[in-house]
Number of protein chains: 2
Amino acid sequence: MPQNHNIAAALPAPVRRTGRDSPLFVGSLEKGLKIFQAFDDTHRALRLTEIAHATGLDKSAAQRFTHTLYELGYLRKDPKTKHYRLAPKVLELGFAYLRTDTLVERAMPYLLEAAKSSEETVNLTELDGTNVVYVARVPSRHQVTVDVVLGTQLPAYCLASGRAILAFQPAEQARATLERSERVSYTGRTVTAVEPLLTSLNEVRRTGYALCVEEYTPGEISVAAPIFDFARQPIAAVNISVPMARWTLSAVERRLAPIAIETAQAISRAEGGHATLPPLLRNAPPKHRAR
Amino acid sequence: MPQNHNIAAALPAPVRRTGRDSPLFVGSLEKGLKIFQAFDDTHRALRLTEIAHATGLDKSAAQRFTHTLYELGYLRKDPKTKHYRLAPKVLELGFAYLRTDTLVERAMPYLLEAAKSSEETVNLTELDGTNVVYVARVPSRHQVTVDVVLGTQLPAYCLASGRAILAFQPAEQARATLERSERVSYTGRTVTAVEPLLTSLNEVRRTGYALCVEEYTPGEISVAAPIFDFARQPIAAVNISVPMARWTLSAVERRLAPIAIETAQAISRAEGGHATLPPLLRNAPPKHRAR
DNA sequence: TATCTAGTATCGTATTTTAATACAAGTTCG
DNA sequence: CGAACTTGTATTAAAATACGATACTAGATA
């Protein structure tokens, strides 16, 4: 009987007990994690005031959370300059994920093979909300890039890997994701309207791979194919990105798209134990001719 | 006037206002971070009760912190089984470190070169307390290992990389680190007593590299050389580990030790801008010899 | 030397977390 | 098949905890 009372009736939202307004939500933890986000490649060493500014915390809060992380070994401090830096211990946090993710270790051999046969950098990405996250990467000999790319989150709607995953989700789910994405035009060639995006997803379903030309990075062509879990849900994508300086669109479709598709299929099989493809993928080109 | 009262006088420690007993220490943040540590390769999906048990938190606390991390996107939850998993977003945390660490990106080209000429896996490690942390790794063609090794913390006292760093620290500091290490014999060949360890550090100083044979991993030989920062402090190490099945001790010393040393020197130069070696590396004793 | 600015320490207060408990939903066992 | 678990979720009263204003210290600036 003690439910919604008098006053609550006047308000549009009755009580609000969900999400971060729940009494279960611990604000201190959120604030503490914000400290980590203050650091990036352009802000490698920060002083207390800078941390406070970057996180939006006041001086006292920044002091307390910084102190706590320092005591726990996640932060180092230069006693002279008072600059704080992230300590190597934070790597433990991030790599804990890779250790818990069965996908990465199962996929790695296939990614290596794909990198070898394509002679290009091959990425493994997962969907996280409206973003795509790089969880593994096998660099080619062409670019001697440092693997700081891992962990990077980029918007799914304008990446080949994102579209490869979205295309094989239930239609409403994909639409919902697209709609709540903040769709920015990065290059001028970026497709930002929902309807055209949904159309391109149809194409992805038809061909079995997604293709993006300069939609996020200028001068870059990217192909991707979806990976399915045991429940045949698209959970990740194999993606190969190449510079237009070295590749034409048709060469990518002819040479790289099949590699992406076959690698993704192999990983799907390894992941779920299914020897056959998910039905959705059938129409495409692969080895066993469809229908 | 309202200071130390009656009862306090009886206690040996007056007030205690340091470390995690400081009023600045936010316990909630510590507890929240414990949640992450509950997950590893053998505990990939956990239920609430299991998290509570693994972290030592009670049910309510586990519920609150889990809920918070879930809302923030660091945790995923299977609505059916109620299993929690780490979300890819945690990668952002860990890789934030690599992006802030200038060492990694500067070292990478040299590590690649070393991997090429040695045809073995080359690691870059940093010291964090009594442990060594793997911050970069260039795999050879021999072992197709997944790079879950990154971020791993291993005890410095029994690793070549750890000894390479400790050997060039001020003597008391090295001794202190060794003494507070929990020195376990992993293989039977592990040196655990402080005095012999200090003796081996002398040898490292003399030769410029550290060599460990089966001290942590059975069947493995490991060489390492120290990297110095602009202040000529040893901050990291280049390390090459190889199986005894393919390598003899003398071959490692003859072929790999020079590569480790030269790579480490090149990185030291790149790091601090010094064209010459730190004097410490020359043969042994530090500039001001102590008593 | 005076005046900043930034880091550190203190402390009363009330906001937040806490932990006990009640409730719901699903499992196991007699 | 229902009783007695176990486990997840929601609610609360109580107080411990985190808060943030402020004072203090030290170094930089002018």
# chains A, B, ... in the order shown; residues from 1 in each chain; ligands from 1

call {"tool": "interface_residues", "arguments": {"of": "chain A", "to": "chain B", "cutoff": "6 Å", "atoms": "only C-alpha atoms", "output": "PyMOL selection string"}}
result
chain A and resi 24-26+29+40-41+44+64+68+86+90-94+96-97+99-100+151

call {"tool": "residues_around", "arguments": {"residues": "D:DA26", "least_positions_apart": "5", "cutoff": "12 Å", "atoms": "only C-alpha atoms (C1' of nucleotides)", "output": "number ranges by chain"}}
result
C: 5-8

call {"tool": "calpha_fit_rmsd", "arguments": {"fixed": "chain B", "moving": "chain A"}}
result
3.2 Å

call {"tool": "interface_residues", "arguments": {"of": "chain C", "to": "chain B", "cutoff": "10 Å", "atoms": "only C-alpha atoms (C1' of nucleotides)", "output": "VMD selection string"}}
result
chain C and resid 9 to 10 17 to 20

call {"tool": "closest_atom_pairs", "arguments": {"of": "chain D", "to": "chain A", "cutoff": "9 Å", "atoms": "only C-alpha atoms (C1' of nucleotides)", "output": "CSV"}}
result
residue,atom,partner,partner_atom,distance
D:DA18,C1',A:Ser28,CA,8.3
D:DC19,C1',A:Ala61,CA,7.9
D:DG20,C1',A:Ser60,CA,6.3

call {"tool": "write_last_selection", "arguments": {"atoms": "N, CA and C atoms (P, O5', C5', C4', C3', O3' and C1' of nucleotides)", "output": "compact mmCIF listing (two decimals), in the first residue's frame"}}
result
# COMPACT_ATOMS: atom_id res chain seq x y z
P DA D 18 34.32 7.76 1.91
O5' DA D 18 33.85 9.09 1.18
C5' DA D 18 32.60 9.07 0.50
C4' DA D 18 32.07 10.47 0.36
C3' DA D 18 32.95 11.42 -0.44
O3' DA D 18 32.12 12.11 -1.35
C1' DA D 18 32.45 12.39 1.65
P DC D 19 32.71 13.08 -2.42
O5' DC D 19 32.39 14.47 -1.76
C5' DC D 19 31.03 14.79 -1.51
C4' DC D 19 30.92 16.05 -0.72
C3' DC D 19 31.65 17.26 -1.34
O3' DC D 19 30.67 18.19 -1.75
C1' DC D 19 31.98 17.12 1.01
P DG D 20 30.93 19.03 -3.08
O5' DG D 20 31.47 20.40 -2.47
C5' DG D 20 30.67 21.08 -1.53
C4' DG D 20 31.52 22.06 -0.75
C3' DG D 20 32.49 22.89 -1.60
O3' DG D 20 32.57 24.18 -1.04
C1' DG D 20 33.67 21.83 0.07

call {"tool": "select_by_dssp", "arguments": {"residues": "stretch 106-282 of chain A", "states": "alpha helix (DSSP H)", "output": "PyMOL selection string"}}
result
chain A and resi 106-118+160-167+171-180+194-207+249-251+257-272

call {"tool": "atom_distance", "arguments": {"atom1": "atom CA of B:Cys212", "atom2": "atom CA of B:Tyr186"}}
result
12.7 Å

call {"tool": "atom_distance", "arguments": {"atom1": "atom CA of B:Ala176", "atom2": "atom CA of B:Leu154"}}
result
17.4 Å

call {"tool": "atom_distance", "arguments": {"atom1": "atom CA of B:Glu214", "atom2": "atom CA of B:Glu262"}}
result
23.9 Å

call {"tool": "residues_around", "arguments": {"residues": "C:DT27", "least_positions_apart": "3", "cutoff": "12 Å", "atoms": "only C-alpha atoms (C1' of nucleotides)", "output": "MDAnalysis selection string"}}
result
chainID D and resid 3:7

call {"tool": "select_by_dssp", "arguments": {"residues": "stretch 108-197 of chain A", "states": "strand (DSSP E)", "output": "number ranges by chain"}}
result
A: 122-128, 131-138, 153-155
